[in-house]
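So this one's final.pdb, PDB, C-alpha atoms and all ligand atoms:
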ATOM      1  CA  MET A   1      47.641-171.731-185.359  1.00  0.00           C
ATOM      2  CA  VAL A   2      50.124-174.645-185.396  1.00  0.00           C
ATOM      3  CA  LEU A   3      49.066-175.839-181.916  1.00  0.00           C
ATOM      4  CA  GLU A   4      45.439-175.994-183.027  1.00  0.00           C
ATOM      5  CA  ILE A   5      46.440-177.941-186.139  1.00  0.00           C
ATOM      6  CA  VAL A   6      48.408-180.435-184.022  1.00  0.00           C
ATOM      7  CA  GLY A   7      45.284-180.911-181.873  1.00  0.00           C
ATOM      8  CA  MET A   8      43.036-181.529-184.876  1.00  0.00           C
ATOM      9  CA  VAL A   9      45.479-184.026-186.388  1.00  0.00           C
ATOM     10  CA  HIS A  10      45.410-185.912-183.078  1.00  0.00           C
ATOM     11  CA  GLN A  11      41.594-185.802-182.872  1.00  0.00           C
ATOM     12  CA  THR A  12      41.152-187.193-186.405  1.00  0.00           C
ATOM     13  CA  ARG A  13      43.964-189.798-186.263  1.00  0.00           C
ATOM     14  CA  LEU A  14      41.662-192.835-186.202  1.00  0.00           C
ATOM     15  CA  GLU A  15      39.936-191.742-189.420  1.00  0.00           C
ATOM     16  CA  THR A  16      42.972-190.403-191.246  1.00  0.00           C
ATOM     17  CA  GLY A  17      45.604-192.933-190.144  1.00  0.00           C
ATOM     18  CA  CYS A  18      47.892-189.932-189.636  1.00  0.00           C
ATOM     19  CA  GLU A  19      49.051-190.204-185.998  1.00  0.00           C
ATOM     20  CA  ALA A  20      50.907-186.905-185.910  1.00  0.00           C
ATOM     21  CA  LEU A  21      52.578-184.371-188.171  1.00  0.00           C
ATOM     22  CA  SER A  22      56.247-184.972-188.937  1.00  0.00           C
ATOM     23  CA  GLU A  23      58.811-182.455-187.704  1.00  0.00           C
ATOM     24  CA  ARG A  24      59.492-181.359-191.275  1.00  0.00           C
ATOM     25  CA  VAL A  25      55.834-180.537-191.974  1.00  0.00           C
ATOM     26  CA  LEU A  26      55.520-178.714-188.646  1.00  0.00           C
ATOM     27  CA  ALA A  27      58.593-176.638-189.437  1.00  0.00           C
ATOM     28  CA  ALA A  28      57.194-175.733-192.867  1.00  0.00           C
ATOM     29  CA  LEU A  29      53.869-174.637-191.319  1.00  0.00           C
ATOM     30  CA  ARG A  30      55.742-172.440-188.843  1.00  0.00           C
ATOM     31  CA  ARG A  31      57.881-170.864-191.559  1.00  0.00           C
ATOM     32  CA  VAL A  32      55.251-169.925-194.155  1.00  0.00           C
ATOM     33  CA  GLU A  33      53.710-166.530-193.508  1.00  0.00           C
ATOM     34  CA  ARG A  34      50.034-167.093-194.322  1.00  0.00           C
ATOM     35  CA  HIS A  35      49.287-163.360-194.353  1.00  0.00           C
ATOM     36  CA  ARG A  36      51.286-163.095-197.593  1.00  0.00           C
ATOM     37  CA  PHE A  37      48.679-165.250-199.351  1.00  0.00           C
ATOM     38  CA  VAL A  38      45.502-163.713-197.932  1.00  0.00           C
ATOM     39  CA  PRO A  39      43.685-160.750-199.563  1.00  0.00           C
ATOM     40  CA  SER A  40      44.235-157.516-197.612  1.00  0.00           C
ATOM     41  CA  ALA A  41      40.599-157.516-196.434  1.00  0.00           C
ATOM     42  CA  GLN A  42      41.233-160.840-194.641  1.00  0.00           C
ATOM     43  CA  ILE A  43      44.637-160.047-193.107  1.00  0.00           C
ATOM     44  CA  ALA A  44      43.262-159.946-189.545  1.00  0.00           C
ATOM     45  CA  GLN A  45      42.141-163.580-189.934  1.00  0.00           C
ATOM     46  CA  ALA A  46      45.307-164.789-191.675  1.00  0.00           C
ATOM     47  CA  TYR A  47      46.446-166.962-188.748  1.00  0.00           C
ATOM     48  CA  ASP A  48      43.040-168.416-187.849  1.00  0.00           C
ATOM     49  CA  ASN A  49      42.537-172.117-188.532  1.00  0.00           C
ATOM     50  CA  HIS A  50      39.736-171.454-191.058  1.00  0.00           C
ATOM     51  CA  PRO A  51      39.292-171.339-194.801  1.00  0.00           C
ATOM     52  CA  LEU A  52      39.109-167.750-196.166  1.00  0.00           C
ATOM     53  CA  PRO A  53      37.717-166.231-199.372  1.00  0.00           C
ATOM     54  CA  ILE A  54      40.377-165.281-201.937  1.00  0.00           C
ATOM     55  CA  GLY A  55      38.095-163.908-204.676  1.00  0.00           C
ATOM     56  CA  ALA A  56      36.546-165.464-207.800  1.00  0.00           C
ATOM     57  CA  GLY A  57      34.375-167.606-205.489  1.00  0.00           C
ATOM     58  CA  GLN A  58      37.446-169.565-204.350  1.00  0.00           C
ATOM     59  CA  THR A  59      38.901-170.158-200.917  1.00  0.00           C
ATOM     60  CA  ILE A  60      42.288-170.602-199.271  1.00  0.00           C
ATOM     61  CA  SER A  61      42.094-173.984-197.541  1.00  0.00           C
ATOM     62  CA  GLN A  62      41.906-174.375-193.780  1.00  0.00           C
ATOM     63  CA  PRO A  63      45.464-174.725-192.387  1.00  0.00           C
ATOM     64  CA  PHE A  64      44.586-178.073-190.766  1.00  0.00           C
ATOM     65  CA  ILE A  65      43.592-179.457-194.171  1.00  0.00           C
ATOM     66  CA  VAL A  66      46.764-178.053-195.783  1.00  0.00           C
ATOM     67  CA  ALA A  67      48.818-179.723-193.035  1.00  0.00           C
ATOM     68  CA  LEU A  68      47.009-183.060-193.325  1.00  0.00           C
ATOM     69  CA  MET A  69      47.180-183.202-197.130  1.00  0.00           C
ATOM     70  CA  THR A  70      50.873-182.322-197.011  1.00  0.00           C
ATOM     71  CA  GLU A  71      51.567-185.084-194.472  1.00  0.00           C
ATOM     72  CA  LEU A  72      49.557-187.622-196.490  1.00  0.00           C
ATOM     73  CA  MET A  73      51.713-186.899-199.564  1.00  0.00           C
ATOM     74  CA  ALA A  74      54.689-188.569-197.750  1.00  0.00           C
ATOM     75  CA  LEU A  75      57.235-186.152-199.210  1.00  0.00           C
ATOM     76  CA  ASN A  76      60.990-186.021-198.914  1.00  0.00           C
ATOM     77  CA  ALA A  77      63.549-183.336-199.746  1.00  0.00           C
ATOM     78  CA  ASP A  78      64.144-184.730-203.252  1.00  0.00           C
ATOM     79  CA  SER A  79      60.473-184.954-204.251  1.00  0.00           C
ATOM     80  CA  LYS A  80      59.135-183.364-207.422  1.00  0.00           C
ATOM     81  CA  VAL A  81      55.524-182.395-206.821  1.00  0.00           C
ATOM     82  CA  LEU A  82      52.522-181.309-208.909  1.00  0.00           C
ATOM     83  CA  GLU A  83      49.725-179.188-207.417  1.00  0.00           C
ATOM     84  CA  VAL A  84      46.444-178.667-209.277  1.00  0.00           C
ATOM     85  CA  GLY A  85      44.597-175.586-207.958  1.00  0.00           C
ATOM     86  CA  THR A  86      47.186-172.990-206.883  1.00  0.00           C
ATOM     87  CA  GLY A  87      44.477-170.754-205.380  1.00  0.00           C
ATOM     88  CA  SER A  88      46.168-168.351-202.979  1.00  0.00           C
ATOM     89  CA  GLY A  89      49.545-170.093-203.228  1.00  0.00           C
ATOM     90  CA  TYR A  90      49.612-170.899-199.495  1.00  0.00           C
ATOM     91  CA  GLN A  91      49.624-174.691-199.934  1.00  0.00           C
ATOM     92  CA  THR A  92      52.201-174.209-202.702  1.00  0.00           C
ATOM     93  CA  ALA A  93      54.490-172.347-200.283  1.00  0.00           C
ATOM     94  CA  VAL A  94      54.179-175.087-197.642  1.00  0.00           C
ATOM     95  CA  LEU A  95      55.167-177.667-200.277  1.00  0.00           C
ATOM     96  CA  ALA A  96      58.015-175.479-201.530  1.00  0.00           C
ATOM     97  CA  GLU A  97      59.509-175.463-198.012  1.00  0.00           C
ATOM     98  CA  LEU A  98      59.663-179.264-198.085  1.00  0.00           C
ATOM     99  CA  VAL A  99      60.623-180.496-201.538  1.00  0.00           C
ATOM    100  CA  ALA A 100      63.003-179.894-204.426  1.00  0.00           C
ATOM    101  CA  ALA A 101      60.459-178.604-206.951  1.00  0.00           C
ATOM    102  CA  VAL A 102      56.768-177.708-207.078  1.00  0.00           C
ATOM    103  CA  TYR A 103      54.806-177.362-210.323  1.00  0.00           C
ATOM    104  CA  THR A 104      51.428-175.702-209.788  1.00  0.00           C
ATOM    105  CA  ILE A 105      48.504-175.002-212.147  1.00  0.00           C
ATOM    106  CA  GLU A 106      45.559-172.617-211.630  1.00  0.00           C
ATOM    107  CA  ILE A 107      42.521-172.324-213.917  1.00  0.00           C
ATOM    108  CA  VAL A 108      41.313-168.853-212.762  1.00  0.00           C
ATOM    109  CA  GLU A 109      43.709-166.374-214.339  1.00  0.00           C
ATOM    110  CA  PRO A 110      43.605-163.506-211.780  1.00  0.00           C
ATOM    111  CA  LEU A 111      44.135-165.984-208.917  1.00  0.00           C
ATOM    112  CA  GLY A 112      47.040-167.678-210.681  1.00  0.00           C
ATOM    113  CA  LEU A 113      48.705-164.333-211.401  1.00  0.00           C
ATOM    114  CA  GLU A 114      48.250-163.078-207.837  1.00  0.00           C
ATOM    115  CA  ALA A 115      49.580-166.349-206.369  1.00  0.00           C
ATOM    116  CA  ALA A 116      52.615-166.243-208.679  1.00  0.00           C
ATOM    117  CA  ARG A 117      53.333-162.702-207.463  1.00  0.00           C
ATOM    118  CA  ALA A 118      52.944-163.647-203.772  1.00  0.00           C
ATOM    119  CA  LEU A 119      55.143-166.754-204.178  1.00  0.00           C
ATOM    120  CA  ALA A 120      57.869-164.745-205.926  1.00  0.00           C
ATOM    121  CA  ALA A 121      57.687-162.039-203.234  1.00  0.00           C
ATOM    122  CA  ALA A 122      58.030-164.698-200.513  1.00  0.00           C
ATOM    123  CA  GLY A 123      61.051-166.064-202.382  1.00  0.00           C
ATOM    124  CA  TYR A 124      60.461-169.604-203.623  1.00  0.00           C
ATOM    125  CA  PRO A 125      62.730-170.216-206.645  1.00  0.00           C
ATOM    126  CA  ASN A 126      61.694-173.911-206.681  1.00  0.00           C
ATOM    127  CA  VAL A 127      58.059-173.079-207.564  1.00  0.00           C
ATOM    128  CA  HIS A 128      56.889-173.132-211.187  1.00  0.00           C
ATOM    129  CA  THR A 129      53.438-171.670-211.873  1.00  0.00           C
ATOM    130  CA  ARG A 130      51.180-172.080-214.876  1.00  0.00           C
ATOM    131  CA  LEU A 131      47.670-170.981-215.879  1.00  0.00           C
ATOM    132  CA  GLY A 132      45.305-173.560-217.357  1.00  0.00           C
ATOM    133  CA  ASP A 133      43.140-176.617-216.774  1.00  0.00           C
ATOM    134  CA  GLY A 134      45.088-178.865-214.437  1.00  0.00           C
ATOM    135  CA  HIS A 135      43.055-181.933-215.414  1.00  0.00           C
ATOM    136  CA  ALA A 136      45.683-182.651-218.069  1.00  0.00           C
ATOM    137  CA  GLY A 137      48.488-182.328-215.508  1.00  0.00           C
ATOM    138  CA  TRP A 138      51.895-181.100-216.653  1.00  0.00           C
ATOM    139  CA  PRO A 139      53.115-183.825-219.052  1.00  0.00           C
ATOM    140  CA  GLN A 140      56.375-182.032-219.920  1.00  0.00           C
ATOM    141  CA  GLU A 141      57.513-182.286-216.277  1.00  0.00           C
ATOM    142  CA  ALA A 142      56.067-185.734-215.466  1.00  0.00           C
ATOM    143  CA  PRO A 143      56.500-188.073-213.705  1.00  0.00           C
ATOM    144  CA  PHE A 144      55.923-186.691-210.205  1.00  0.00           C
ATOM    145  CA  ASP A 145      56.675-188.253-206.816  1.00  0.00           C
ATOM    146  CA  ALA A 146      53.444-186.832-205.448  1.00  0.00           C
ATOM    147  CA  ILE A 147      50.413-184.920-206.754  1.00  0.00           C
ATOM    148  CA  ILE A 148      47.871-182.834-204.825  1.00  0.00           C
ATOM    149  CA  VAL A 149      44.533-181.597-206.156  1.00  0.00           C
ATOM    150  CA  THR A 150      42.940-178.856-204.057  1.00  0.00           C
ATOM    151  CA  ALA A 151      39.462-178.903-205.645  1.00  0.00           C
ATOM    152  CA  ALA A 152      36.917-181.745-205.490  1.00  0.00           C
ATOM    153  CA  ALA A 153      36.755-184.052-208.521  1.00  0.00           C
ATOM    154  CA  SER A 154      33.911-186.428-209.382  1.00  0.00           C
ATOM    155  CA  GLU A 155      36.349-189.096-210.545  1.00  0.00           C
ATOM    156  CA  LEU A 156      40.081-189.771-210.564  1.00  0.00           C
ATOM    157  CA  PRO A 157      41.695-187.609-213.253  1.00  0.00           C
ATOM    158  CA  GLN A 158      43.342-190.250-215.466  1.00  0.00           C
ATOM    159  CA  PRO A 159      46.160-188.006-216.781  1.00  0.00           C
ATOM    160  CA  LEU A 160      47.242-187.354-213.193  1.00  0.00           C
ATOM    161  CA  ILE A 161      47.344-191.089-212.415  1.00  0.00           C
ATOM    162  CA  GLU A 162      49.539-191.548-215.485  1.00  0.00           C
ATOM    163  CA  GLN A 163      51.882-188.751-214.380  1.00  0.00           C
ATOM    164  CA  LEU A 164      52.439-190.301-210.939  1.00  0.00           C
ATOM    165  CA  LYS A 165      55.651-192.282-210.395  1.00  0.00           C
ATOM    166  CA  PRO A 166      55.317-195.909-209.271  1.00  0.00           C
ATOM    167  CA  GLY A 167      55.389-195.746-205.462  1.00  0.00           C
ATOM    168  CA  GLY A 168      53.924-192.224-205.617  1.00  0.00           C
ATOM    169  CA  ARG A 169      50.840-190.713-203.987  1.00  0.00           C
ATOM    170  CA  LEU A 170      47.990-188.537-205.220  1.00  0.00           C
ATOM    171  CA  VAL A 171      46.007-186.733-202.503  1.00  0.00           C
ATOM    172  CA  LEU A 172      42.671-185.203-203.473  1.00  0.00           C
ATOM    173  CA  PRO A 173      39.064-184.613-202.387  1.00  0.00           C
ATOM    174  CA  LEU A 174      36.706-186.938-204.291  1.00  0.00           C
ATOM    175  CA  ASP A 175      32.922-186.578-204.593  1.00  0.00           C
ATOM    176  CA  ALA A 176      31.055-189.408-202.853  1.00  0.00           C
ATOM    177  CA  PRO A 177      27.735-190.797-204.190  1.00  0.00           C
ATOM    178  CA  ASP A 178      25.815-189.271-201.241  1.00  0.00           C
ATOM    179  CA  GLY A 179      26.853-185.731-202.214  1.00  0.00           C
ATOM    180  CA  THR A 180      29.645-185.432-199.636  1.00  0.00           C
ATOM    181  CA  GLN A 181      33.378-185.361-200.367  1.00  0.00           C
ATOM    182  CA  SER A 182      36.148-187.578-199.039  1.00  0.00           C
ATOM    183  CA  LEU A 183      39.743-186.539-198.830  1.00  0.00           C
ATOM    184  CA  SER A 184      41.391-189.537-200.491  1.00  0.00           C
ATOM    185  CA  VAL A 185      44.872-190.977-200.801  1.00  0.00           C
ATOM    186  CA  VAL A 186      45.576-192.717-204.095  1.00  0.00           C
ATOM    187  CA  GLU A 187      48.663-194.922-204.171  1.00  0.00           C
ATOM    188  CA  LYS A 188      50.395-196.308-207.230  1.00  0.00           C
ATOM    189  CA  SER A 189      52.364-199.446-206.379  1.00  0.00           C
ATOM    190  CA  ALA A 190      55.788-200.239-207.793  1.00  0.00           C
ATOM    191  CA  ALA A 191      53.949-202.502-210.257  1.00  0.00           C
ATOM    192  CA  GLY A 192      51.539-199.700-211.195  1.00  0.00           C
ATOM    193  CA  ALA A 193      48.423-200.939-209.307  1.00  0.00           C
ATOM    194  CA  ILE A 194      46.107-198.189-208.011  1.00  0.00           C
ATOM    195  CA  THR A 195      44.468-198.169-204.568  1.00  0.00           C
ATOM    196  CA  VAL A 196      42.155-195.444-203.250  1.00  0.00           C
ATOM    197  CA  ARG A 197      41.736-194.847-199.496  1.00  0.00           C
ATOM    198  CA  PRO A 198      39.165-192.291-198.283  1.00  0.00           C
ATOM    199  CA  VAL A 199      40.466-190.654-195.097  1.00  0.00           C
ATOM    200  CA  LEU A 200      38.217-187.761-194.043  1.00  0.00           C
ATOM    201  CA  ARG A 201      34.955-185.998-194.878  1.00  0.00           C
ATOM    202  CA  VAL A 202      35.835-182.547-196.292  1.00  0.00           C
ATOM    203  CA  ARG A 203      34.294-179.594-198.148  1.00  0.00           C
ATOM    204  CA  PHE A 204      36.228-178.195-201.142  1.00  0.00           C
ATOM    205  CA  VAL A 205      35.268-176.005-204.089  1.00  0.00           C
ATOM    206  CA  PRO A 206      34.530-178.080-207.221  1.00  0.00           C
ATOM    207  CA  PHE A 207      37.132-179.001-209.789  1.00  0.00           C
ATOM    208  CA  THR A 208      36.255-177.017-212.933  1.00  0.00           C
ATOM    209  CA  ARG A 209      37.089-177.772-216.569  1.00  0.00           C
ATOM    210  CA  HIS A 210      37.828-175.556-219.565  1.00  0.00           C
TER     211      HIS A 210
HETATM  212  N1  LIG B   1      45.419-174.788-202.004  1.00  0.00           N
HETATM  213  C1  LIG B   1      44.675-173.614-202.346  1.00  0.00           C
HETATM  214  C2  LIG B   1      43.215-173.998-202.527  1.00  0.00           C
HETATM  215  C3  LIG B   1      42.470-173.091-203.403  1.00  0.00           C
HETATM  216  S1  LIG B   1      40.813-173.631-203.744  1.00  0.00           S
HETATM  217  C4  LIG B   1      44.835-172.595-201.238  1.00  0.00           C
HETATM  218  O1  LIG B   1      45.077-172.995-200.101  1.00  0.00           O
HETATM  219  O2  LIG B   1      44.712-171.408-201.489  1.00  0.00           O
HETATM  220  C5  LIG B   1      41.032-174.605-205.193  1.00  0.00           C
HETATM  221  C6  LIG B   1      41.580-173.924-206.407  1.00  0.00           C
HETATM  222  O3  LIG B   1      41.525-174.869-207.499  1.00  0.00           O
HETATM  223  C7  LIG B   1      40.806-172.702-206.866  1.00  0.00           C
HETATM  224  O4  LIG B   1      41.685-171.610-206.958  1.00  0.00           O
HETATM  225  C8  LIG B   1      40.259-173.113-208.239  1.00  0.00           C
HETATM  226  O5  LIG B   1      40.182-172.035-209.136  1.00  0.00           O
HETATM  227  C9  LIG B   1      41.282-174.155-208.682  1.00  0.00           C
HETATM  228  N2  LIG B   1      40.824-175.093-209.721  1.00  0.00           N
HETATM  229  C10 LIG B   1      39.605-175.667-209.843  1.00  0.00           C
HETATM  230  N3  LIG B   1      39.578-176.473-210.925  1.00  0.00           N
HETATM  231  C11 LIG B   1      40.820-176.414-211.502  1.00  0.00           C
HETATM  232  C12 LIG B   1      41.425-177.018-212.658  1.00  0.00           C
HETATM  233  N4  LIG B   1      40.731-177.846-213.463  1.00  0.00           N
HETATM  234  N5  LIG B   1      42.714-176.735-212.929  1.00  0.00           N
HETATM  235  C13 LIG B   1      43.440-175.888-212.138  1.00  0.00           C
HETATM  236  N6  LIG B   1      42.910-175.274-211.037  1.00  0.00           N
HETATM  237  C14 LIG B   1      41.624-175.534-210.722  1.00  0.00           C
END
Could you quickly redo this structure as structure tokens?
Ligand code: SAH
Amino acid sequence: MVLEIVGMVHQTRLETGCEALSERVLAALRRVERHRFVPSAQIAQAYDNHPLPIGAGQTISQPFIVALMTELMALNADSKVLEVGTGSGYQTAVLAELVAAVYTIEIVEPLGLEAARALAAAGYPNVHTRLGDGHAGWPQEAPFDAIIVTAAASELPQPLIEQLKPGGRLVLPLDAPDGTQSLSVVEKSAAGAITVRPVLRVRFVPFTRH
């Protein structure tokens, strides 16, 4: 699976600006056991480079997309990260391998509960899970060095921009006017200015609201 991801990162480098995965991200992808986060009916496909259904009409993201989003977050070992859309918990686990603390929010209760169980079973004491609408972020734990949203939003969620540290990055799929979605990197400068850079055409489930 990791070899295929490396190939796809190389193939898309001109669009994404991501030349290659860092050693740290590669190591995290090798360490996380994706089968732990896949429903038992999908176990045989757990190490394929494809999205998979996880119930409630939701999907576990394609490993290539997990890898790319993780790389685009520009993390380091001290980072404090927010994830909106826990889903299966697989992306959460990859982040937890790389950073000091991950705060993750899921709106669909059974998915959030199952992911919390799988993450605890895999042993990630630096992961903090919560059920609810992630649009409001997690103000009690803000600010964050990086934020990832794993469902497609029609506009930038303002509370998440506010909860990003200066110099921090928000990576998310954004709806484009033509009905497609662009994986986008939002940067907040040291002075607080916001820039948005679309990097790749993607297909995510929609961001929902309570
Ligand atoms: N990274 C996850 C992706 C899951 S799909 C994985 O690899 O498994 C996106 C998830 O975002 C879904 O589980 C969906 O229920 C959740 N979601 C959608 N809107 C949300 C919101 N407003 N707040 C929190 N989670 C949300």
Exercise answer, 9 Å around ligand LIG 1 (chain B) with all atoms listed in the file, as a PDB file with C-alpha atoms, in the coordinates of the input:
ATOM      1  CA  PHE A  37      48.679-165.250-199.351  1.00  0.00           C
ATOM      2  CA  VAL A  38      45.502-163.713-197.932  1.00  0.00           C
ATOM      3  CA  PRO A  51      39.292-171.339-194.801  1.00  0.00           C
ATOM      4  CA  LEU A  52      39.109-167.750-196.166  1.00  0.00           C
ATOM      5  CA  PRO A  53      37.717-166.231-199.372  1.00  0.00           C
ATOM      6  CA  ILE A  54      40.377-165.281-201.937  1.00  0.00           C
ATOM      7  CA  GLY A  55      38.095-163.908-204.676  1.00  0.00           C
ATOM      8  CA  ALA A  56      36.546-165.464-207.800  1.00  0.00           C
ATOM      9  CA  GLY A  57      34.375-167.606-205.489  1.00  0.00           C
ATOM     10  CA  GLN A  58      37.446-169.565-204.350  1.00  0.00           C
ATOM     11  CA  THR A  59      38.901-170.158-200.917  1.00  0.00           C
ATOM     12  CA  ILE A  60      42.288-170.602-199.271  1.00  0.00           C
ATOM     13  CA  SER A  61      42.094-173.984-197.541  1.00  0.00           C
ATOM     14  CA  GLN A  62      41.906-174.375-193.780  1.00  0.00           C
ATOM     15  CA  PRO A  63      45.464-174.725-192.387  1.00  0.00           C
ATOM     16  CA  ILE A  65      43.592-179.457-194.171  1.00  0.00           C
ATOM     17  CA  VAL A  66      46.764-178.053-195.783  1.00  0.00           C
ATOM     18  CA  GLU A  83      49.725-179.188-207.417  1.00  0.00           C
ATOM     19  CA  VAL A  84      46.444-178.667-209.277  1.00  0.00           C
ATOM     20  CA  GLY A  85      44.597-175.586-207.958  1.00  0.00           C
ATOM     21  CA  THR A  86      47.186-172.990-206.883  1.00  0.00           C
ATOM     22  CA  GLY A  87      44.477-170.754-205.380  1.00  0.00           C
ATOM     23  CA  SER A  88      46.168-168.351-202.979  1.00  0.00           C
ATOM     24  CA  GLY A  89      49.545-170.093-203.228  1.00  0.00           C
ATOM     25  CA  TYR A  90      49.612-170.899-199.495  1.00  0.00           C
ATOM     26  CA  GLN A  91      49.624-174.691-199.934  1.00  0.00           C
ATOM     27  CA  THR A  92      52.201-174.209-202.702  1.00  0.00           C
ATOM     28  CA  THR A 104      51.428-175.702-209.788  1.00  0.00           C
ATOM     29  CA  ILE A 105      48.504-175.002-212.147  1.00  0.00           C
ATOM     30  CA  GLU A 106      45.559-172.617-211.630  1.00  0.00           C
ATOM     31  CA  ILE A 107      42.521-172.324-213.917  1.00  0.00           C
ATOM     32  CA  VAL A 108      41.313-168.853-212.762  1.00  0.00           C
ATOM     33  CA  GLU A 109      43.709-166.374-214.339  1.00  0.00           C
ATOM     34  CA  LEU A 111      44.135-165.984-208.917  1.00  0.00           C
ATOM     35  CA  GLY A 112      47.040-167.678-210.681  1.00  0.00           C
ATOM     36  CA  ALA A 115      49.580-166.349-206.369  1.00  0.00           C
ATOM     37  CA  LEU A 131      47.670-170.981-215.879  1.00  0.00           C
ATOM     38  CA  GLY A 132      45.305-173.560-217.357  1.00  0.00           C
ATOM     39  CA  ASP A 133      43.140-176.617-216.774  1.00  0.00           C
ATOM     40  CA  GLY A 134      45.088-178.865-214.437  1.00  0.00           C
ATOM     41  CA  HIS A 135      43.055-181.933-215.414  1.00  0.00           C
ATOM     42  CA  ALA A 136      45.683-182.651-218.069  1.00  0.00           C
ATOM     43  CA  GLY A 137      48.488-182.328-215.508  1.00  0.00           C
ATOM     44  CA  ILE A 148      47.871-182.834-204.825  1.00  0.00           C
ATOM     45  CA  VAL A 149      44.533-181.597-206.156  1.00  0.00           C
ATOM     46  CA  THR A 150      42.940-178.856-204.057  1.00  0.00           C
ATOM     47  CA  ALA A 151      39.462-178.903-205.645  1.00  0.00           C
ATOM     48  CA  ALA A 152      36.917-181.745-205.490  1.00  0.00           C
ATOM     49  CA  ALA A 153      36.755-184.052-208.521  1.00  0.00           C
ATOM     50  CA  PHE A 204      36.228-178.195-201.142  1.00  0.00           C
ATOM     51  CA  VAL A 205      35.268-176.005-204.089  1.00  0.00           C
ATOM     52  CA  PRO A 206      34.530-178.080-207.221  1.00  0.00           C
ATOM     53  CA  PHE A 207      37.132-179.001-209.789  1.00  0.00           C
ATOM     54  CA  THR A 208      36.255-177.017-212.933  1.00  0.00           C
ATOM     55  CA  ARG A 209      37.089-177.772-216.569  1.00  0.00           C
ATOM     56  CA  HIS A 210      37.828-175.556-219.565  1.00  0.00           C
TER      57      HIS A 210
END
Which one of A:Arg169, A:Phe64, A:Ile43, A:Gln158 sits closest to Val202 in chain A if you count only C-alpha atoms? A:Phe64
Can you spell out as a PyMOL selection string the set of residues that the PyMOL selection byres (((chain A and resi 77) around 12) and not hetatm) selects in the structure I just provided? chain A and resi 24-25+74-76+78-81+95-102+126+145
Keeping only C-alpha atoms, write the selected residues to a file as an mmCIF file, in the frame of the given file.
data_model
loop_
_atom_site.group_PDB
_atom_site.id
_atom_site.type_symbol
_atom_site.label_atom_id
_atom_site.label_comp_id
_atom_site.auth_asym_id
_atom_site.auth_seq_id
_atom_site.Cartn_x
_atom_site.Cartn_y
_atom_site.Cartn_z
ATOM 1 C CA ARG A 24 59.492 -181.359 -191.275
ATOM 2 C CA VAL A 25 55.834 -180.537 -191.974
ATOM 3 C CA ALA A 74 54.689 -188.569 -197.750
ATOM 4 C CA LEU A 75 57.235 -186.152 -199.210
ATOM 5 C CA ASN A 76 60.990 -186.021 -198.914
ATOM 6 C CA ASP A 78 64.144 -184.730 -203.252
ATOM 7 C CA SER A 79 60.473 -184.954 -204.251
ATOM 8 C CA LYS A 80 59.135 -183.364 -207.422
ATOM 9 C CA VAL A 81 55.524 -182.395 -206.821
ATOM 10 C CA LEU A 95 55.167 -177.667 -200.277
ATOM 11 C CA ALA A 96 58.015 -175.479 -201.530
ATOM 12 C CA GLU A 97 59.509 -175.463 -198.012
ATOM 13 C CA LEU A 98 59.663 -179.264 -198.085
ATOM 14 C CA VAL A 99 60.623 -180.496 -201.538
ATOM 15 C CA ALA A 100 63.003 -179.894 -204.426
ATOM 16 C CA ALA A 101 60.459 -178.604 -206.951
ATOM 17 C CA VAL A 102 56.768 -177.708 -207.078
ATOM 18 C CA ASN A 126 61.694 -173.911 -206.681
ATOM 19 C CA ASP A 145 56.675 -188.253 -206.816
#
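Closest approach to Cys18 in chain A among A:Leu170, A:Val6, A:Ala120, A:Val127 is made by A:Val6 (distances from only C-alpha atoms).
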From the list A:Ala116, A:Leu3, A:Leu21, A:Ile194, which residue is nearest Ala67 in chain A when using all atoms listed in the file? A:Leu21
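The spacing separating CA of Val32 in chain A from CA of Ile147 in chain A amounts to 20.2 Å.
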